[in-house]
Amino acid sequence: MKERDRDVPVEAARVADHYVEAILAAVEHSRRPATRRVYACAWRKFREWAREEGLPSLPADPMTVAAYLVYRMRQGLSISSLELDRKAIGYYHRIAGRMNPSLAEGVRNTMAGLRNQLTDGGRNNPRQARGLTARLLQRIEDTAHRQRTGPSGRTESVAFARRRGNVDIALVSVMRDGLLRRGEAAELRWRDIEFVHDGSARVTIRRSKTSSASAVQFIGMKAAIALRYIRPADPDPDARVFGIVRGRTISNRIARMARAAGLGEGFTGHSPRVGMAQDLTAKGMGLSAIMVAGRWKSERMPAYYSRGEEAGRGAVARYYGDFE
């Protein structure tokens with residue numbers, strides 16, 4: 001080290017403001033655009049929750065982060081979603097130059113406990129939403145227009161039940177055919193729908209949680225007809241198809257329609273996607289084809305969703321089939 005370098009006190013080594021701004025901008029762009037969007041959404045939800053609870057979000061106390069993860073678990077989120085929340089909170093603390101509360105031992109222990117609660121007997125098998133198969137979809141269609149009584153004790157009018165039922169049918173039908181994630185369904189606009197001369201339709205997904213590139217999905221004739229039922233005479237191209245702005249709202253809506261159809265609990269915004277993967281497997285579609293249809297990056301998740309159908313086509317099932 002040169003003599004003059006030793007004479008410069010550490011306190012004097014300050015970076016100019018314009019460098020600091022450039023560094024923060026670079027850090028902000030160190031993640032892919034799709035990841036930044038997902039983190040931004042998770043961070044916004046955390047800040048809204050903290051505001052409602054009267055707690056600071058930046059910097060957040062580790063106890064606040066742990067409480068938020070418990071809150072999200074009680075909403076029915078998967079362990080992967082909780083991990084995403086934790087990473088997003090840490091990310092925004094880091095780029096703000098704050099200590100990362102999500103790395104605190106208490107938060108890590110909370111995550112470990114929630115992971116054990118959300119898995120089967122402590123094994124690493126994620127809790128799976130019940131698949132909304134074609135057979136179960138038919139039961140929803142049969143009951144969708146029945147009048148329902150809400151928590152307040154008020155019963156829907158016949159006209160309201162008809163409109164709400166039409167949206168319910170279109171929502172789950174399009175989500176199944178397009179293997180849409182709940183956020184993709186919430187973001188769907190009328191400009192993204194193209195009705196084709198053969199009676200089918202095409203849905204353009206502008207972006208998803210795994211890719212910033214657009215994708216075009218096939219929608220069968222039955223689902224396309226359901227879309228036509230709810231399509232305004234002269235729709236605003238930018239209007240949301242289902243009038244829903246949150247993915248969680250879709251999960252709650254599907255859970256309600258499943259209960260109304262007598263299907264029980266366990267149905268979420270992921271159920272149409274899981275159910276179609278199961279139906280495709282039962283029809284003999286290979287994992288590679290299902291991966292492409294659902295825009296999965298690996299075979300792991302579609303294989304997990306369809307393991308029951310695969311067992312039904314396995315060697316033992318074929319053996320017993322020979323005697324029928």
# chains A, B, ... in the order shown; residues from 1 in each chain; ligands from 1
$ residues_around --residues "region 234-241 of chain A" --least-positions-apart "5" --cutoff "9 Å" --atoms "only C-alpha atoms" --output "list in words"
Leu171, Ala185, Ala186, Glu187, Leu188, Arg189, Trp190, Arg191, Asp192, Ile193 and Leu227 of chain A
$ write_last_selection --atoms "C-alpha atoms" --output "PDB file, in the first residue's frame"
ATOM      1  CA  LEU A 171     -63.969 -18.287 -16.125  1.00  0.00           C
ATOM      2  CA  ALA A 185     -56.998 -14.951 -15.977  1.00  0.00           C
ATOM      3  CA  ALA A 186     -57.318 -11.802 -13.875  1.00  0.00           C
ATOM      4  CA  GLU A 187     -55.246  -9.823 -16.402  1.00  0.00           C
ATOM      5  CA  LEU A 188     -57.097 -11.080 -19.479  1.00  0.00           C
ATOM      6  CA  ARG A 189     -58.540  -8.238 -21.609  1.00  0.00           C
ATOM      7  CA  TRP A 190     -61.006  -8.381 -24.482  1.00  0.00           C
ATOM      8  CA  ARG A 191     -58.233  -7.376 -26.880  1.00  0.00           C
ATOM      9  CA  ASP A 192     -56.577 -10.688 -25.950  1.00  0.00           C
ATOM     10  CA  ILE A 193     -59.529 -12.771 -27.215  1.00  0.00           C
ATOM     11  CA  LEU A 227     -67.077 -16.293 -23.548  1.00  0.00           C
TER      12      LEU A 227
END
$ residues_around --residues "Leu69 (chain A)" --least-positions-apart "2" --cutoff "9 Å" --atoms "only C-alpha atoms" --output "list in words"
Thr64, Val65, Ala66, Ala67, Tyr71, Arg72, Met73, Arg74, Leu82, Glu83, Asp85, Arg86, Val107, Thr110, Met111 and Leu114 of chain A
$ write_last_selection --atoms "N, CA and C atoms" --output "PDB file, in the first residue's frame"
ATOM      1  N   THR A  64     -42.468  -8.849  12.368  1.00  0.00           N
ATOM      2  CA  THR A  64     -43.485  -8.427  11.401  1.00  0.00           C
ATOM      3  C   THR A  64     -43.489  -9.357  10.194  1.00  0.00           C
ATOM      4  N   VAL A  65     -42.304  -9.689   9.699  1.00  0.00           N
ATOM      5  CA  VAL A  65     -42.204 -10.589   8.539  1.00  0.00           C
ATOM      6  C   VAL A  65     -42.769 -11.965   8.891  1.00  0.00           C
ATOM      7  N   ALA A  66     -42.424 -12.466  10.079  1.00  0.00           N
ATOM      8  CA  ALA A  66     -42.929 -13.775  10.494  1.00  0.00           C
ATOM      9  C   ALA A  66     -44.449 -13.768  10.601  1.00  0.00           C
ATOM     10  N   ALA A  67     -45.002 -12.688  11.168  1.00  0.00           N
ATOM     11  CA  ALA A  67     -46.460 -12.585  11.304  1.00  0.00           C
ATOM     12  C   ALA A  67     -47.130 -12.548   9.929  1.00  0.00           C
ATOM     13  N   TYR A  71     -49.908 -15.049   8.329  1.00  0.00           N
ATOM     14  CA  TYR A  71     -51.144 -14.518   7.742  1.00  0.00           C
ATOM     15  C   TYR A  71     -51.368 -15.064   6.340  1.00  0.00           C
ATOM     16  N   ARG A  72     -50.317 -15.085   5.546  1.00  0.00           N
ATOM     17  CA  ARG A  72     -50.444 -15.571   4.171  1.00  0.00           C
ATOM     18  C   ARG A  72     -50.724 -17.070   4.137  1.00  0.00           C
ATOM     19  N   MET A  73     -50.110 -17.813   5.058  1.00  0.00           N
ATOM     20  CA  MET A  73     -50.380 -19.243   5.125  1.00  0.00           C
ATOM     21  C   MET A  73     -51.844 -19.494   5.444  1.00  0.00           C
ATOM     22  N   ARG A  74     -52.413 -18.702   6.345  1.00  0.00           N
ATOM     23  CA  ARG A  74     -53.815 -18.865   6.703  1.00  0.00           C
ATOM     24  C   ARG A  74     -54.754 -18.509   5.565  1.00  0.00           C
ATOM     25  N   LEU A  82     -45.094 -18.528  -0.126  1.00  0.00           N
ATOM     26  CA  LEU A  82     -44.537 -17.917   1.072  1.00  0.00           C
ATOM     27  C   LEU A  82     -43.045 -17.619   0.893  1.00  0.00           C
ATOM     28  N   GLU A  83     -42.331 -18.522   0.244  1.00  0.00           N
ATOM     29  CA  GLU A  83     -40.914 -18.294  -0.022  1.00  0.00           C
ATOM     30  C   GLU A  83     -40.729 -17.086  -0.936  1.00  0.00           C
ATOM     31  N   ASP A  85     -42.736 -14.500  -1.104  1.00  0.00           N
ATOM     32  CA  ASP A  85     -42.973 -13.314  -0.272  1.00  0.00           C
ATOM     33  C   ASP A  85     -41.724 -12.962   0.530  1.00  0.00           C
ATOM     34  N   ARG A  86     -41.106 -13.980   1.131  1.00  0.00           N
ATOM     35  CA  ARG A  86     -39.922 -13.745   1.953  1.00  0.00           C
ATOM     36  C   ARG A  86     -38.776 -13.177   1.122  1.00  0.00           C
ATOM     37  N   VAL A 107     -37.432 -15.730  11.617  1.00  0.00           N
ATOM     38  CA  VAL A 107     -38.170 -15.860  10.354  1.00  0.00           C
ATOM     39  C   VAL A 107     -37.869 -17.208   9.711  1.00  0.00           C
ATOM     40  N   THR A 110     -39.755 -19.799  11.556  1.00  0.00           N
ATOM     41  CA  THR A 110     -41.181 -19.712  11.213  1.00  0.00           C
ATOM     42  C   THR A 110     -41.450 -20.391   9.873  1.00  0.00           C
ATOM     43  N   MET A 111     -40.593 -20.111   8.887  1.00  0.00           N
ATOM     44  CA  MET A 111     -40.750 -20.739   7.577  1.00  0.00           C
ATOM     45  C   MET A 111     -40.641 -22.253   7.679  1.00  0.00           C
ATOM     46  N   LEU A 114     -43.904 -23.541   9.132  1.00  0.00           N
ATOM     47  CA  LEU A 114     -44.996 -23.469   8.162  1.00  0.00           C
ATOM     48  C   LEU A 114     -44.834 -24.530   7.080  1.00  0.00           C
TER      49      LEU A 114
END
$ select_by_dssp --residues "region 124-313 of chain A" --states "alpha helix (DSSP H)" --output "ChimeraX atom specification"
/A:134-143,158-178,182-187,221-230,247-260,271-282,287-294,300-305,307-312
$ select_by_dssp --residues "region 100-229 of chain A" --states "strand (DSSP E)" --output "JSON, numbers by chain"
{"A": [193, 194, 195, 201, 202, 203, 204, 205, 215, 216, 217, 218, 219]}
$ residues_around --residues "region 253-264 of chain A" --least-positions-apart "5" --cutoff "12 Å" --atoms "only C-alpha atoms" --output "compact mmCIF listing (two decimals) with N, CA and C atoms, in the first residue's frame"
# COMPACT_ATOMS: atom_id res chain seq x y z
N GLY A 76 -54.27 -19.65 2.68
CA GLY A 76 -54.25 -20.82 1.82
C GLY A 76 -53.14 -20.86 0.82
N ALA A 129 -53.80 -28.42 -4.94
CA ALA A 129 -55.19 -28.06 -5.14
C ALA A 129 -55.90 -29.22 -5.83
N ARG A 130 -57.16 -29.42 -5.51
CA ARG A 130 -57.93 -30.47 -6.19
C ARG A 130 -58.14 -30.08 -7.64
N GLY A 131 -57.95 -31.02 -8.52
CA GLY A 131 -58.08 -30.74 -9.94
C GLY A 131 -59.53 -30.60 -10.37
N LEU A 132 -59.81 -29.56 -11.14
CA LEU A 132 -61.15 -29.36 -11.70
C LEU A 132 -61.19 -30.05 -13.06
N THR A 133 -61.53 -31.32 -13.06
CA THR A 133 -61.57 -32.11 -14.28
C THR A 133 -62.84 -31.80 -15.08
N ARG A 135 -65.25 -33.74 -15.75
CA ARG A 135 -66.43 -34.30 -15.06
C ARG A 135 -66.91 -33.35 -13.97
N LEU A 136 -65.99 -32.77 -13.22
CA LEU A 136 -66.38 -31.85 -12.15
C LEU A 136 -66.83 -30.51 -12.72
N LEU A 137 -66.25 -30.11 -13.85
CA LEU A 137 -66.69 -28.88 -14.51
C LEU A 137 -68.16 -28.99 -14.90
N GLN A 138 -68.58 -30.16 -15.34
CA GLN A 138 -69.97 -30.36 -15.72
C GLN A 138 -70.90 -30.13 -14.53
N ARG A 139 -70.47 -30.54 -13.35
CA ARG A 139 -71.29 -30.33 -12.16
C ARG A 139 -71.39 -28.85 -11.81
N ILE A 140 -70.30 -28.11 -12.04
CA ILE A 140 -70.36 -26.66 -11.82
C ILE A 140 -71.30 -26.01 -12.82
N GLU A 141 -71.23 -26.44 -14.08
CA GLU A 141 -72.12 -25.88 -15.10
C GLU A 141 -73.59 -26.17 -14.76
N ASP A 142 -73.85 -27.34 -14.22
CA ASP A 142 -75.24 -27.72 -13.90
C ASP A 142 -75.82 -26.89 -12.76
N THR A 143 -74.96 -26.35 -11.91
CA THR A 143 -75.45 -25.64 -10.71
C THR A 143 -75.11 -24.15 -10.71
N ALA A 144 -74.41 -23.68 -11.73
CA ALA A 144 -73.88 -22.32 -11.72
C ALA A 144 -74.96 -21.25 -11.62
N HIS A 145 -76.13 -21.50 -12.20
CA HIS A 145 -77.17 -20.47 -12.26
C HIS A 145 -78.16 -20.55 -11.10
N ARG A 146 -77.92 -21.41 -10.16
CA ARG A 146 -78.81 -21.48 -9.00
C ARG A 146 -78.58 -20.25 -8.12
N GLN A 147 -79.65 -19.76 -7.54
CA GLN A 147 -79.54 -18.61 -6.64
C GLN A 147 -78.79 -19.03 -5.37
N ARG A 148 -77.91 -18.15 -4.92
CA ARG A 148 -77.13 -18.41 -3.71
C ARG A 148 -77.49 -17.39 -2.64
N THR A 149 -77.35 -17.82 -1.41
CA THR A 149 -77.56 -16.94 -0.26
C THR A 149 -76.21 -16.62 0.36
N GLY A 150 -75.94 -15.32 0.48
CA GLY A 150 -74.65 -14.89 0.99
C GLY A 150 -74.58 -14.91 2.50
N PRO A 151 -73.41 -14.57 3.06
CA PRO A 151 -73.23 -14.55 4.52
C PRO A 151 -74.20 -13.62 5.23
N ALA A 161 -78.17 -14.14 -10.52
CA ALA A 161 -77.63 -15.50 -10.52
C ALA A 161 -77.30 -15.95 -11.94
N ARG A 164 -74.04 -13.97 -12.93
CA ARG A 164 -72.91 -14.48 -12.18
C ARG A 164 -72.54 -15.89 -12.62
N GLY A 165 -73.54 -16.72 -12.88
CA GLY A 165 -73.29 -18.08 -13.34
C GLY A 165 -72.62 -18.11 -14.70
N ASN A 166 -73.02 -17.21 -15.59
CA ASN A 166 -72.37 -17.15 -16.91
C ASN A 166 -70.89 -16.83 -16.79
N VAL A 167 -70.56 -15.89 -15.90
CA VAL A 167 -69.16 -15.54 -15.69
C VAL A 167 -68.41 -16.71 -15.05
N ASP A 168 -69.04 -17.37 -14.09
CA ASP A 168 -68.39 -18.53 -13.45
C ASP A 168 -68.02 -19.59 -14.48
N ILE A 169 -68.97 -19.92 -15.34
CA ILE A 169 -68.73 -20.96 -16.34
C ILE A 169 -67.64 -20.54 -17.31
N ALA A 170 -67.71 -19.30 -17.79
CA ALA A 170 -66.69 -18.82 -18.73
C ALA A 170 -65.31 -18.81 -18.07
N LEU A 171 -65.24 -18.38 -16.83
CA LEU A 171 -63.97 -18.29 -16.12
C LEU A 171 -63.28 -19.64 -16.02
N VAL A 172 -63.97 -20.63 -15.47
CA VAL A 172 -63.31 -21.92 -15.26
C VAL A 172 -63.09 -22.65 -16.58
N SER A 173 -63.97 -22.46 -17.56
CA SER A 173 -63.80 -23.12 -18.85
C SER A 173 -62.58 -22.60 -19.59
N MET A 175 -60.03 -20.96 -18.21
CA MET A 175 -58.83 -21.30 -17.44
C MET A 175 -58.39 -22.74 -17.68
N ARG A 182 -54.06 -18.16 -12.25
CA ARG A 182 -55.11 -17.24 -11.81
C ARG A 182 -54.77 -15.78 -12.12
N ALA A 186 -56.92 -13.12 -14.39
CA ALA A 186 -57.32 -11.80 -13.88
C ALA A 186 -56.90 -10.68 -14.83
N PHE A 242 -63.10 -10.84 -17.18
CA PHE A 242 -63.87 -11.37 -16.06
C PHE A 242 -64.13 -10.33 -14.98
N ILE A 244 -62.22 -9.03 -12.90
CA ILE A 244 -61.55 -9.38 -11.66
C ILE A 244 -60.13 -8.82 -11.70
N ARG A 246 -57.76 -9.31 -8.97
CA ARG A 246 -56.83 -10.02 -8.11
C ARG A 246 -56.93 -11.53 -8.31
N GLY A 247 -55.78 -12.17 -8.35
CA GLY A 247 -55.79 -13.62 -8.47
C GLY A 247 -56.46 -14.29 -7.29
N ARG A 248 -56.30 -13.70 -6.09
CA ARG A 248 -56.93 -14.30 -4.91
C ARG A 248 -58.44 -14.30 -5.03
N GLY A 269 -57.71 -21.30 -7.26
CA GLY A 269 -57.45 -20.75 -8.59
C GLY A 269 -56.52 -21.60 -9.42
N HIS A 270 -55.89 -22.58 -8.81
CA HIS A 270 -55.00 -23.49 -9.55
C HIS A 270 -55.74 -24.73 -10.03
N SER A 271 -56.96 -24.94 -9.56
CA SER A 271 -57.68 -26.19 -9.85
C SER A 271 -57.98 -26.41 -11.33
N PRO A 272 -58.38 -25.37 -12.12
CA PRO A 272 -58.61 -25.62 -13.54
C PRO A 272 -57.35 -26.10 -14.27
$ residues_around --residues "Phe46 (chain A)" --least-positions-apart "2" --cutoff "12 Å" --atoms "only C-alpha atoms" --output "NGL selection string"
:A and (39-44 or 48-53 or 55-58 or 60 or 64-69 or 71-72 or 82 or 84-90 or 92)
$ atom_distance --atom1 "CA of Val203 (chain A)" --atom2 "CA of Ala223 (chain A)"
11.3 Å
